[in-house]
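Below is query_1.txt, which holds compact mmCIF, C-alpha atoms.
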# COMPACT_ATOMS: atom_id res chain seq x y z
CA MET J 1 4.96 119.73 131.05
CA ASP J 2 6.07 121.76 128.02
CA HIS J 3 3.13 123.99 127.05
CA ASN J 4 4.18 124.13 123.40
CA LEU J 5 4.13 120.34 123.23
CA LEU J 6 0.65 120.23 124.74
CA LYS J 7 -0.55 122.80 122.22
CA LYS J 8 0.98 120.80 119.37
CA ILE J 9 -0.78 117.65 120.55
CA ILE J 10 -4.10 119.50 120.87
CA PHE J 11 -3.82 121.14 117.43
CA GLU J 12 -2.86 117.87 115.77
CA GLN J 13 -5.85 116.22 117.40
CA HIS J 14 -8.10 118.93 115.97
CA GLU J 15 -6.93 118.02 112.46
CA ILE J 16 -7.59 114.34 113.09
CA ILE J 17 -11.13 115.12 114.25
CA LYS J 18 -11.79 117.33 111.22
CA SER J 19 -10.86 114.56 108.79
CA ALA J 20 -12.39 111.61 110.68
CA ASN J 21 -15.06 109.50 109.01
CA ILE J 22 -17.79 109.34 111.64
CA ILE J 23 -20.68 106.88 111.67
CA THR J 24 -23.54 107.92 113.95
CA ARG J 25 -24.02 105.44 116.79
CA GLU J 26 -27.32 104.43 118.33
CA LYS J 27 -26.02 105.81 121.64
CA GLU J 28 -24.75 109.39 121.37
CA VAL J 29 -23.06 111.60 123.97
CA ASP J 30 -25.06 114.57 125.27
CA GLU J 31 -23.06 117.79 125.32
CA ASN J 32 -24.65 118.81 128.62
CA ASP J 33 -23.29 115.78 130.51
CA ASN J 34 -19.97 115.09 132.08
CA ARG J 35 -19.44 111.59 130.76
CA ILE J 36 -17.12 108.60 131.20
CA LEU J 37 -17.11 106.18 128.26
CA VAL J 38 -15.57 102.79 128.92
CA GLY J 39 -15.31 99.59 126.92
CA LEU J 40 -13.12 97.31 124.87
CA ARG J 41 -10.29 98.96 122.97
CA ARG J 42 -11.22 100.13 119.47
CA SER J 43 -14.95 99.75 120.16
CA GLY J 44 -15.70 103.31 119.05
CA LYS J 45 -15.41 105.41 122.23
CA THR J 46 -13.03 107.90 120.66
CA THR J 47 -15.15 108.34 117.54
CA MET J 48 -18.14 109.14 119.72
CA LEU J 49 -16.16 111.99 121.25
CA TYR J 50 -15.11 113.13 117.77
CA SER J 51 -18.79 113.27 116.82
CA LEU J 52 -19.57 115.42 119.86
CA VAL J 53 -16.69 117.78 119.08
CA ARG J 54 -17.96 118.32 115.54
CA LYS J 55 -21.47 119.03 116.85
CA LEU J 56 -20.04 121.63 119.22
CA ILE J 57 -18.12 123.29 116.39
CA GLU J 58 -21.31 123.38 114.29
CA LYS J 59 -23.02 125.15 117.21
CA GLY J 60 -20.40 127.87 117.30
CA VAL J 61 -17.76 126.59 119.75
CA ASP J 62 -14.25 127.63 118.66
CA TRP J 63 -11.59 125.01 118.02
CA ASN J 64 -9.39 126.68 120.63
CA GLN J 65 -12.03 125.81 123.21
CA ILE J 66 -11.62 122.09 122.40
CA ILE J 67 -8.92 120.67 124.65
CA TYR J 68 -8.61 117.11 123.36
CA ILE J 69 -5.74 114.98 124.67
CA ASN J 70 -5.04 111.32 123.97
CA PHE J 71 -2.98 110.02 126.87
CA GLU J 72 -1.69 107.14 124.79
CA ASP J 73 0.37 109.60 122.74
CA GLU J 74 3.98 108.55 123.35
CA ARG J 75 4.98 112.20 123.66
CA LEU J 76 3.10 112.20 126.96
CA ASP J 77 5.21 109.44 128.48
CA GLY J 78 6.15 110.69 131.92
CA PHE J 79 2.99 112.78 132.29
CA SER J 80 1.97 112.69 135.96
CA SER J 81 -0.73 114.11 138.19
CA LYS J 82 1.49 117.14 138.78
CA ASP J 83 1.10 118.06 135.11
CA PHE J 84 -2.69 118.27 135.05
CA ASP J 85 -2.71 121.96 135.88
CA ASP J 86 -0.60 122.60 132.77
CA ILE J 87 -3.63 121.54 130.73
CA LEU J 88 -5.66 124.32 132.34
CA SER J 89 -2.86 126.80 131.78
CA VAL J 90 -2.62 125.88 128.10
CA LYS J 91 -6.34 126.31 127.68
CA ALA J 92 -6.08 129.79 129.25
CA GLU J 93 -3.30 130.64 126.79
CA LEU J 94 -5.46 129.52 123.85
CA THR J 95 -8.71 131.28 124.73
CA GLU J 96 -10.56 133.19 127.43
CA LYS J 97 -13.78 131.37 126.54
CA GLU J 98 -14.92 128.30 128.47
CA GLY J 99 -13.13 125.09 127.62
CA TRP J 100 -14.48 121.70 126.61
CA TYR J 101 -12.19 118.95 127.86
CA PHE J 102 -11.79 115.55 126.21
CA PHE J 103 -9.41 112.99 127.71
CA ASP J 104 -8.79 109.70 125.89
CA GLU J 105 -7.48 106.67 127.82
CA ILE J 106 -6.75 108.73 130.91
CA GLN J 107 -6.92 105.79 133.31
CA ASN J 108 -3.15 105.23 133.29
CA ILE J 109 -2.46 108.62 134.89
CA PRO J 110 -2.55 108.45 138.72
CA LEU J 111 -5.20 110.59 140.42
CA TRP J 112 -6.97 111.35 137.14
CA GLU J 113 -10.32 110.99 138.88
CA LYS J 114 -9.53 113.75 141.39
CA PHE J 115 -8.51 116.10 138.59
CA CYS J 116 -11.70 115.34 136.66
CA ARG J 117 -13.74 115.81 139.83
CA ARG J 118 -12.12 119.22 140.31
CA LEU J 119 -13.03 120.25 136.75
CA ALA J 120 -16.62 119.08 137.18
CA ASP J 121 -16.88 120.91 140.51
CA SER J 122 -15.88 124.05 138.60
CA SER J 123 -18.81 123.48 136.19
CA LEU J 124 -16.51 122.67 133.28
CA HIS J 125 -17.48 120.23 130.53
CA VAL J 126 -15.44 117.03 130.72
CA PHE J 127 -15.58 113.81 128.68
CA VAL J 128 -13.37 110.84 129.44
CA THR J 129 -12.73 107.47 127.80
CA GLY J 130 -11.02 104.41 129.22
CA SER J 131 -10.61 100.69 128.68
CA ASN J 132 -10.70 99.44 132.25
CA ALA J 133 -13.83 98.41 134.13
CA LYS J 134 -12.45 99.86 137.38
CA MET J 135 -13.41 103.26 135.97
CA LEU J 136 -17.00 102.20 136.72
CA SER J 137 -16.28 100.88 140.21
CA ARG J 138 -18.14 102.12 143.26
CA GLU J 139 -14.89 103.47 144.67
CA MET J 140 -14.37 105.55 141.53
CA GLU J 141 -17.97 106.76 141.57
CA SER J 142 -17.44 107.88 145.15
CA THR J 143 -14.31 109.84 144.25
CA LEU J 144 -16.05 111.47 141.30
CA GLY J 145 -18.84 112.49 143.63
CA GLY J 146 -21.71 111.73 141.27
CA ARG J 147 -20.51 114.41 138.87
CA TYR J 148 -20.27 112.03 135.90
CA LEU J 149 -22.58 109.73 134.00
CA SER J 150 -20.95 106.54 132.77
CA SER J 151 -21.64 104.46 129.67
CA LEU J 152 -20.37 101.07 128.55
CA ILE J 153 -19.62 101.32 124.84
CA PHE J 154 -19.92 98.11 122.86
CA PRO J 155 -18.58 97.33 119.41
CA TYR J 156 -21.10 97.92 116.64
CA SER J 157 -24.51 96.33 116.96
CA PHE J 158 -25.59 94.55 113.78
CA ARG J 159 -27.78 97.50 112.83
CA GLU J 160 -24.86 99.90 113.32
CA TYR J 161 -22.65 97.52 111.34
CA LEU J 162 -25.07 97.65 108.42
CA ASP J 163 -25.31 101.44 108.66
CA ALA J 164 -21.50 101.68 108.52
CA LYS J 165 -21.49 99.50 105.39
CA GLY J 166 -24.25 101.57 103.79
CA ILE J 167 -26.74 98.70 103.84
CA LYS J 168 -30.37 99.56 104.61
CA SER J 169 -32.03 97.49 107.33
CA ASP J 170 -35.60 98.83 107.38
CA GLU J 171 -38.62 96.55 107.03
CA ASN J 172 -38.81 96.96 103.26
CA SER J 173 -35.15 96.05 102.83
CA ILE J 174 -35.62 92.88 104.86
CA LEU J 175 -38.44 91.84 102.49
CA VAL J 176 -36.78 92.76 99.17
CA THR J 177 -34.69 89.88 97.81
CA ASN J 178 -31.57 91.78 96.73
CA ALA J 179 -31.42 93.93 99.87
CA ASN J 180 -32.11 90.88 102.02
CA ALA J 181 -29.18 89.05 100.41
CA LYS J 182 -26.87 91.95 101.28
CA ILE J 183 -28.03 91.85 104.89
CA ILE J 184 -27.44 88.10 105.17
CA ASN J 185 -23.98 88.36 103.59
CA ALA J 186 -23.10 91.16 106.00
CA PHE J 187 -24.36 89.03 108.89
CA ASP J 188 -21.97 86.22 107.93
CA GLU J 189 -19.11 88.73 108.07
CA TYR J 190 -20.37 90.17 111.36
CA LEU J 191 -20.68 86.68 112.85
CA HIS J 192 -17.07 85.81 112.06
CA PHE J 193 -15.28 89.15 112.39
CA GLY J 194 -17.33 90.96 115.02
CA GLY J 195 -18.25 94.61 115.38
CA LEU J 196 -15.04 96.55 116.01
CA PRO J 197 -15.65 99.57 113.75
CA GLU J 198 -12.25 99.50 112.02
CA THR J 199 -12.74 95.92 110.79
CA ILE J 200 -15.21 97.10 108.16
CA LYS J 201 -12.61 98.88 106.04
CA ARG J 202 -9.76 96.45 106.64
CA SER J 203 -8.86 94.02 103.86
CA ASN J 204 -7.12 91.71 106.34
CA LYS J 205 -9.69 91.76 109.11
CA ARG J 206 -8.19 88.90 111.09
CA GLU J 207 -4.79 90.59 111.24
CA TYR J 208 -6.35 93.80 112.55
CA ILE J 209 -8.44 91.98 115.17
CA SER J 210 -5.34 90.07 116.26
CA SER J 211 -3.47 93.36 116.73
CA VAL J 212 -6.28 94.73 118.93
CA TYR J 213 -6.27 91.56 121.03
CA SER J 214 -2.48 91.76 121.43
CA LYS J 215 -2.75 95.37 122.56
CA VAL J 216 -5.35 94.48 125.17
CA LEU J 217 -3.39 91.47 126.38
CA GLU J 218 0.05 93.08 126.43
CA GLY J 219 -0.87 96.62 127.46
CA ASP J 220 -4.09 96.42 129.45
CA ILE J 221 -3.39 93.18 131.28
CA ILE J 222 0.21 91.94 131.26
CA ALA J 223 1.95 95.31 131.60
CA ARG J 224 -0.64 96.94 133.86
CA HIS J 225 -0.78 94.04 136.30
CA LYS J 226 2.87 93.02 135.96
CA ILE J 227 2.03 89.44 135.00
CA ARG J 228 5.10 87.29 135.64
CA ASN J 229 3.96 84.33 133.57
CA PRO J 230 2.32 85.66 130.37
CA LEU J 231 2.12 82.18 128.85
CA SER J 232 -0.29 80.99 131.55
CA LEU J 233 -2.50 84.03 130.92
CA ARG J 234 -2.54 83.45 127.14
CA LEU J 235 -3.41 79.79 127.61
CA MET J 236 -6.13 80.73 130.07
CA VAL J 237 -7.77 83.07 127.54
CA LYS J 238 -7.59 80.28 124.95
CA LYS J 239 -9.20 77.83 127.39
CA ILE J 240 -12.01 80.30 128.14
CA ALA J 241 -12.61 80.76 124.39
CA GLU J 242 -12.82 77.02 123.83
CA SER J 243 -15.28 76.75 126.74
CA VAL J 244 -17.74 79.40 125.52
CA LYS J 245 -21.32 78.21 126.21
CA ASP J 246 -20.10 75.80 128.89
CA THR J 247 -20.27 76.33 132.64
CA ILE J 248 -16.73 76.68 133.89
CA SER J 249 -15.31 77.04 137.40
CA TYR J 250 -12.05 78.42 138.75
CA ASN J 251 -10.95 74.92 139.72
CA ARG J 252 -11.75 73.55 136.29
CA ILE J 253 -9.65 76.21 134.58
CA SER J 254 -6.77 75.50 136.95
CA SER J 255 -7.03 71.75 136.34
CA SER J 256 -7.24 72.19 132.57
CA LEU J 257 -4.07 74.26 132.51
CA LYS J 258 -2.26 71.83 134.79
CA SER J 259 -3.16 68.99 132.40
CA ILE J 260 -1.04 70.66 129.69
CA GLY J 261 1.86 71.36 132.02
CA VAL J 262 1.01 74.88 133.21
CA SER J 263 1.04 75.11 137.00
CA ILE J 264 -1.41 77.73 138.20
CA ASN J 265 -3.28 77.85 141.49
CA THR J 266 -6.92 78.73 141.93
CA GLN J 267 -6.28 82.19 143.40
CA THR J 268 -4.15 83.13 140.39
CA VAL J 269 -6.96 81.94 138.12
CA ILE J 270 -9.38 84.20 140.02
CA ASP J 271 -7.00 87.15 139.69
CA TYR J 272 -6.35 86.57 136.00
CA LEU J 273 -10.05 86.18 135.28
CA SER J 274 -10.76 89.52 136.96
CA TYR J 275 -8.03 91.19 134.86
CA ILE J 276 -9.43 89.71 131.65
CA GLU J 277 -12.92 90.88 132.57
CA GLU J 278 -11.71 94.35 133.59
CA SER J 279 -10.20 94.80 130.13
CA TYR J 280 -13.59 94.03 128.55
CA LEU J 281 -12.35 90.97 126.67
CA ILE J 282 -15.01 88.84 128.36
CA PHE J 283 -18.12 89.17 130.48
CA PRO J 284 -19.87 86.63 132.72
CA VAL J 285 -23.36 85.19 132.60
CA LYS J 286 -24.43 83.57 135.86
CA ASN J 287 -26.81 80.75 136.74
CA PHE J 288 -30.14 82.13 137.92
CA PHE J 289 -30.70 79.22 140.28
CA SER J 290 -27.23 79.13 141.84
CA HIS J 291 -26.47 80.17 145.39
CA PHE J 292 -24.55 83.45 145.69
CA SER J 293 -21.13 81.82 146.06
CA GLU J 294 -21.74 79.58 143.05
CA LYS J 295 -22.94 82.51 140.96
CA GLU J 296 -19.45 83.96 141.25
CA SER J 297 -17.44 80.76 140.84
CA MET J 298 -19.62 78.75 138.41
CA ARG J 299 -20.42 80.85 135.38
CA LYS J 300 -20.32 81.04 131.62
CA ASN J 301 -17.86 83.45 130.03
CA TYR J 302 -18.56 85.12 126.70
CA PHE J 303 -16.35 87.42 124.61
CA LEU J 304 -17.42 91.02 124.05
CA ASP J 305 -16.53 90.78 120.36
CA ASN J 306 -16.99 87.81 118.04
CA GLY J 307 -13.93 88.77 116.03
CA ILE J 308 -11.64 88.28 119.01
CA LEU J 309 -13.35 84.99 119.92
CA SER J 310 -12.92 83.75 116.35
CA LEU J 311 -9.13 84.06 116.71
CA PHE J 312 -9.34 80.92 118.87
CA LEU J 313 -12.08 78.97 117.07
CA PHE J 314 -12.02 77.26 113.69
CA ASP J 315 -15.17 75.86 112.05
CA LYS J 316 -17.17 76.37 115.24
CA ASP J 317 -19.94 78.63 114.01
CA PRO J 318 -22.46 77.33 116.60
CA LEU J 319 -20.24 78.76 119.36
CA LEU J 320 -19.95 82.08 117.52
CA LEU J 321 -23.72 82.17 117.12
CA GLU J 322 -24.35 81.73 120.84
CA ASN J 323 -21.63 84.25 121.72
CA LEU J 324 -23.29 86.81 119.45
CA VAL J 325 -26.61 86.29 121.22
CA ALA J 326 -24.87 86.78 124.57
CA ILE J 327 -23.28 90.03 123.36
CA GLU J 328 -26.60 91.43 122.21
CA LEU J 329 -28.39 90.47 125.41
CA HIS J 330 -25.56 92.01 127.42
CA ARG J 331 -25.86 95.19 125.35
CA ARG J 332 -29.59 95.40 126.01
CA ASN J 333 -29.80 94.23 129.62
CA VAL J 334 -26.29 94.20 131.12
CA GLU J 335 -27.24 93.14 134.66
CA SER J 336 -30.32 90.99 134.04
CA VAL J 337 -29.18 88.14 131.78
CA PHE J 338 -28.81 84.64 133.21
CA PHE J 339 -28.62 81.02 132.13
CA ILE J 340 -30.49 78.21 133.85
CA LYS J 341 -28.89 74.93 134.84
CA SER J 342 -30.48 72.92 137.60
CA ALA J 343 -29.71 69.34 138.59
CA ARG J 344 -32.86 69.22 140.72
CA THR J 345 -35.24 70.12 137.87
CA ASN J 346 -32.95 68.98 135.05
CA LEU J 347 -33.41 72.34 133.32
CA ASP J 348 -30.76 73.56 130.90
CA ILE J 349 -31.62 76.89 129.24
CA ASP J 350 -29.11 79.08 127.40
CA PHE J 351 -30.52 82.46 128.43
CA TYR J 352 -33.17 83.69 130.85
CA LEU J 353 -34.36 87.30 130.94
CA PRO J 354 -36.43 87.59 134.12
CA LEU J 355 -37.36 91.23 133.54
CA GLU J 356 -38.81 90.29 130.14
CA SER J 357 -40.18 86.87 131.20
CA THR J 358 -38.31 85.30 128.28
CA LEU J 359 -36.35 82.10 127.75
CA ILE J 360 -33.96 81.76 124.79
CA GLN J 361 -32.28 78.73 123.30
CA VAL J 362 -29.61 79.00 120.59
CA SER J 363 -29.34 76.29 117.95
CA TYR J 364 -27.30 76.68 114.78
CA GLU J 365 -29.85 74.54 112.92
CA LEU J 366 -32.87 72.52 113.90
CA ASP J 367 -32.38 68.94 112.78
CA GLN J 368 -34.44 66.17 114.37
CA ASN J 369 -32.19 65.81 117.44
CA SER J 370 -31.75 69.50 118.13
CA PHE J 371 -35.45 70.16 117.49
CA GLU J 372 -36.51 67.73 120.19
CA ARG J 373 -33.81 68.89 122.61
CA GLU J 374 -34.42 72.63 122.32
CA VAL J 375 -38.21 72.55 122.11
CA ASN J 376 -38.58 70.04 124.93
CA ALA J 377 -36.26 72.09 127.15
CA LEU J 378 -38.37 75.22 126.65
CA VAL J 379 -41.70 73.44 127.11
CA LYS J 380 -40.46 71.81 130.31
CA ALA J 381 -39.15 75.16 131.60
CA LYS J 382 -42.49 76.79 130.88
CA LYS J 383 -44.25 74.18 133.02
CA ILE J 384 -41.85 74.74 135.93
CA MET J 385 -41.77 78.53 135.45
CA PRO J 386 -45.37 79.49 134.53
CA ASP J 387 -44.63 83.21 134.72
CA VAL J 388 -42.46 82.97 131.61
CA GLN J 389 -44.32 84.55 128.69
CA ARG J 390 -42.06 84.12 125.69
CA LEU J 391 -40.06 81.15 124.37
CA ILE J 392 -37.53 81.70 121.57
CA ILE J 393 -35.10 79.55 119.61
CA LEU J 394 -32.51 81.58 117.68
CA THR J 395 -30.99 79.86 114.64
CA LEU J 396 -28.79 80.72 111.70
CA ASN J 397 -31.59 81.06 109.16
CA GLU J 398 -34.75 79.12 110.15
CA SER J 399 -38.02 80.89 110.84
CA LYS J 400 -41.32 79.41 112.06
CA THR J 401 -43.62 79.07 115.04
CA ILE J 402 -43.89 75.73 116.82
CA PHE J 403 -46.95 74.79 118.86
CA GLU J 404 -46.05 72.06 121.34
CA GLU J 405 -48.12 70.91 124.32
CA GLY J 406 -50.13 74.10 124.33
CA VAL J 407 -47.01 76.28 124.18
CA ASP J 408 -45.86 78.61 121.37
CA VAL J 409 -42.14 78.54 120.56
CA GLU J 410 -40.80 81.18 118.16
CA VAL J 411 -37.96 80.12 115.86
CA ILE J 412 -36.17 83.22 114.56
CA PRO J 413 -33.03 83.71 112.42
CA LEU J 414 -30.48 85.50 114.55
CA TRP J 415 -29.85 88.26 111.99
CA LYS J 416 -33.55 89.11 111.94
CA TRP J 417 -33.81 89.05 115.74
CA LEU J 418 -30.84 91.44 115.96
CA LEU J 419 -32.65 93.93 113.72
CA LYS J 420 -36.23 93.59 114.92
CA GLU J 421 -36.11 93.19 118.67

Please lay out the structure from this file as structure tokens.
Amino acid sequence: MDHNLLKKIIFEQHEIIKSANIITREKEVDENDNRILVGLRRSGKTTMLYSLVRKLIEKGVDWNQIIYINFEDERLDGFSSKDFDDILSVKAELTEKEGWYFFDEIQNIPLWEKFCRRLADSSLHVFVTGSNAKMLSREMESTLGGRYLSSLIFPYSFREYLDAKGIKSDENSILVTNANAKIINAFDEYLHFGGLPETIKRSNKREYISSVYSKVLEGDIIARHKIRNPLSLRLMVKKIAESVKDTISYNRISSSLKSIGVSINTQTVIDYLSYIEESYLIFPVKNFFSHFSEKESMRKNYFLDNGILSLFLFDKDPLLLENLVAIELHRRNVESVFFIKSARTNLDIDFYLPLESTLIQVSYELDQNSFEREVNALVKAKKIMPDVQRLIILTLNESKTIFEEGVDVEVIPLWKWLLKE
């Protein structure tokens, strides 16, 4: 690899970092770690590295010590594992001081993990981003030899979204009428356009979100996995979006696609679903009461960003509301969020958090029918599951406490729950 080209790329990246507008995230990167940041494209992984670089510079690290390379730069087309040592040579040409290495979207370069392991074994500082869940796999952890900490980076939380818009979200602001109105207006935007950081400053938010989705679909899934029938994949994503909040099986997806003339077998559905999940477009929530095999095959699928989900939904705010709850619970718990659906007990609960002894129902509004349905479901679940301590109904804007059959049920506006919990 041409050393002058690598230097040019590094120096240009320095200028980008110097001029970047950086919003502090709730989760920051520690300079003493070797860290792998993974997550949906454009969710803010790169900006988190920019923030760390600027902190290092403030602490006296020279810019020549910052070896920052974005492997999606088209000038690096053809870069292979044989070229990794050129990065070390370029650093040596720039400075004799220790280097700090930042590698963006490195997952497309074969054997990247062995190179990063070698750097970590040499006690060098290395930070990596990627947009493929396989970077967190057990096989990858084994290759990296425990030298790296990994973090799943989500799009903005609602609190981060407000911070980025310059809207205060402290207790006083929630109580003051004018500030409260700003929060609620921002929530409506967040509900429909999601938390990808760049959406905030875009005038045509939907167009930007659509471009991110296309990049994920075309680059991270179709090209990477050499999908021969892209139409079936696109229709499958659409079908998953339309089925948010519903239990859906591999066979059901296959049958649904066949009903509109797309022939796809169950194994292909399983493969495609794993690719979609690996790219962080969706994540599963499993039935707490299912057998192991059913937990994998019968699940609910939610989108990691409401903006991408909204590309497929029109006038379906109740689905967006539930998806937003799922995102936040996934952000907070990751591995300990379930739903409950049991034919034997006739239970149907949107979310169960066993570690917090909490049941959550999501209802856009509580009219007479939905009130009886949601409250009765929680009261019945409490009787069957006496260890449950907290019952919550999340709504668009209703707030009260219901006392039913000796049980307290909290009704909380989703925007307030996102800020207070």

>> Set the distance at 9 Å and use all atoms listed in the file: which residues neighbour Ile240 in chain J once local chain neighbours fewer than 3 positions away are removed? I'd like the list as a PyMOL selection string.
In response: chain J and resi 235-237+243-244+248+253+301-302

> So which residues touch Phe283 in chain J within 12 Å, counting all atoms listed in the file, skipping near sequence neighbours fewer than 3 positions away, as a ChimeraX atom specification?
Replying inline: /J:39-40,133,154,240-241,244,273-280,286,299-305,323,326-327,329-331,334-335,337-338

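With distances restricted to all atoms listed in the file, J:Leu6 is the closest residue to Asp73 in chain J from J:Val411, J:Leu191, J:Leu419, J:Leu6.
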
> From the list J:Leu56, J:Cys116, J:Ile308, J:Val285, which residue is nearest Lys341 in chain J when using all atoms listed in the file?
Replying inline: J:Val285

>> Using all atoms listed in the file for the distances, tell me which of J:Tyr190, J:Tyr352, J:Phe339, J:Phe84 is nearest to Leu418 in chain J.
In response: J:Tyr190

Contacts of range 365-370 of chain J at 12 Å (all atoms listed in the file; same-chain gap of 5+ positions) as a JSON list (two decimals) with C-alpha atoms, keeping the file's coordinate frame:
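Ended up saving to selection17.json:
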[["chain", "number", "residue", "atom", "x", "y", "z"],
["J", 317, "ASP", "CA", -19.94, 78.63, 114.01],
["J", 318, "PRO", "CA", -22.46, 77.33, 116.60],
["J", 321, "LEU", "CA", -23.72, 82.17, 117.12],
["J", 375, "VAL", "CA", -38.21, 72.55, 122.11],
["J", 376, "ASN", "CA", -38.58, 70.04, 124.93],
["J", 377, "ALA", "CA", -36.26, 72.09, 127.15],
["J", 393, "ILE", "CA", -35.10, 79.55, 119.61],
["J", 394, "LEU", "CA", -32.51, 81.58, 117.68],
["J", 395, "THR", "CA", -30.99, 79.86, 114.64],
["J", 396, "LEU", "CA", -28.79, 80.72, 111.70],
["J", 397, "ASN", "CA", -31.59, 81.06, 109.16],
["J", 398, "GLU", "CA", -34.75, 79.12, 110.15],
["J", 399, "SER", "CA", -38.02, 80.89, 110.84],
["J", 400, "LYS", "CA", -41.32, 79.41, 112.06],
["J", 402, "ILE", "CA", -43.89, 75.73, 116.82],
["J", 411, "VAL", "CA", -37.96, 80.12, 115.86],
["J", 412, "ILE", "CA", -36.17, 83.22, 114.56],
["J", 413, "PRO", "CA", -33.03, 83.71, 112.42],
["J", 414, "LEU", "CA", -30.48, 85.50, 114.55]]

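Residue nearest Glu372 in chain J within the list J:Phe158, J:Glu404, J:Leu359, J:Asn287: J:Glu404 [criterion: smallest interatomic distance, all atoms listed in the file].
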
>> (-14.3, 87.9, 112.9) in this file's frame - what residues fall within 6 Å of it? Use all atoms listed in the file and give the answer as a PyMOL selection string.
In response: chain J and resi 192-194+306-307+310

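Going from CA of Met298 in chain J to CA of Thr266 in chain J covers 13.2 Å.
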
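A straight line drawn from CA of Val29 in chain J to CA of Leu49 in chain J is 7.4 Å long.
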
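Residues surrounding Thr345 in chain J within 12 Å are Phe289, Ile340, Lys341, Ser342, Asp348, Ile349, Ala377, Lys380, Ala381, Lys383, Ile384 and Met385 of chain J [only C-alpha atoms; sequence separation below 3 positions excluded].
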
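Distance-wise, CA of Trp417 in chain J and CA of Val325 in chain J end up 9.5 Å apart.
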
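Those residues positioned at most 8 Å from (-14.3, 116.3, 129.3) are Asn34, Arg35, Trp100, Tyr101, Phe102, Phe103, Cys116, Leu124, His125, Val126, Phe127 and Val128 of chain J, judged using all atoms listed in the file.
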
Export, as an mmCIF file, in the frame of the given file, the selected residues with C-alpha atoms.
data_model
loop_
_atom_site.group_PDB
_atom_site.id
_atom_site.type_symbol
_atom_site.label_atom_id
_atom_site.label_comp_id
_atom_site.auth_asym_id
_atom_site.auth_seq_id
_atom_site.Cartn_x
_atom_site.Cartn_y
_atom_site.Cartn_z
ATOM 1 C CA ASN J 34 -19.970 115.090 132.080
ATOM 2 C CA ARG J 35 -19.440 111.590 130.760
ATOM 3 C CA TRP J 100 -14.480 121.700 126.610
ATOM 4 C CA TYR J 101 -12.190 118.950 127.860
ATOM 5 C CA PHE J 102 -11.790 115.550 126.210
ATOM 6 C CA PHE J 103 -9.410 112.990 127.710
ATOM 7 C CA CYS J 116 -11.700 115.340 136.660
ATOM 8 C CA LEU J 124 -16.510 122.670 133.280
ATOM 9 C CA HIS J 125 -17.480 120.230 130.530
ATOM 10 C CA VAL J 126 -15.440 117.030 130.720
ATOM 11 C CA PHE J 127 -15.580 113.810 128.680
ATOM 12 C CA VAL J 128 -13.370 110.840 129.440
#
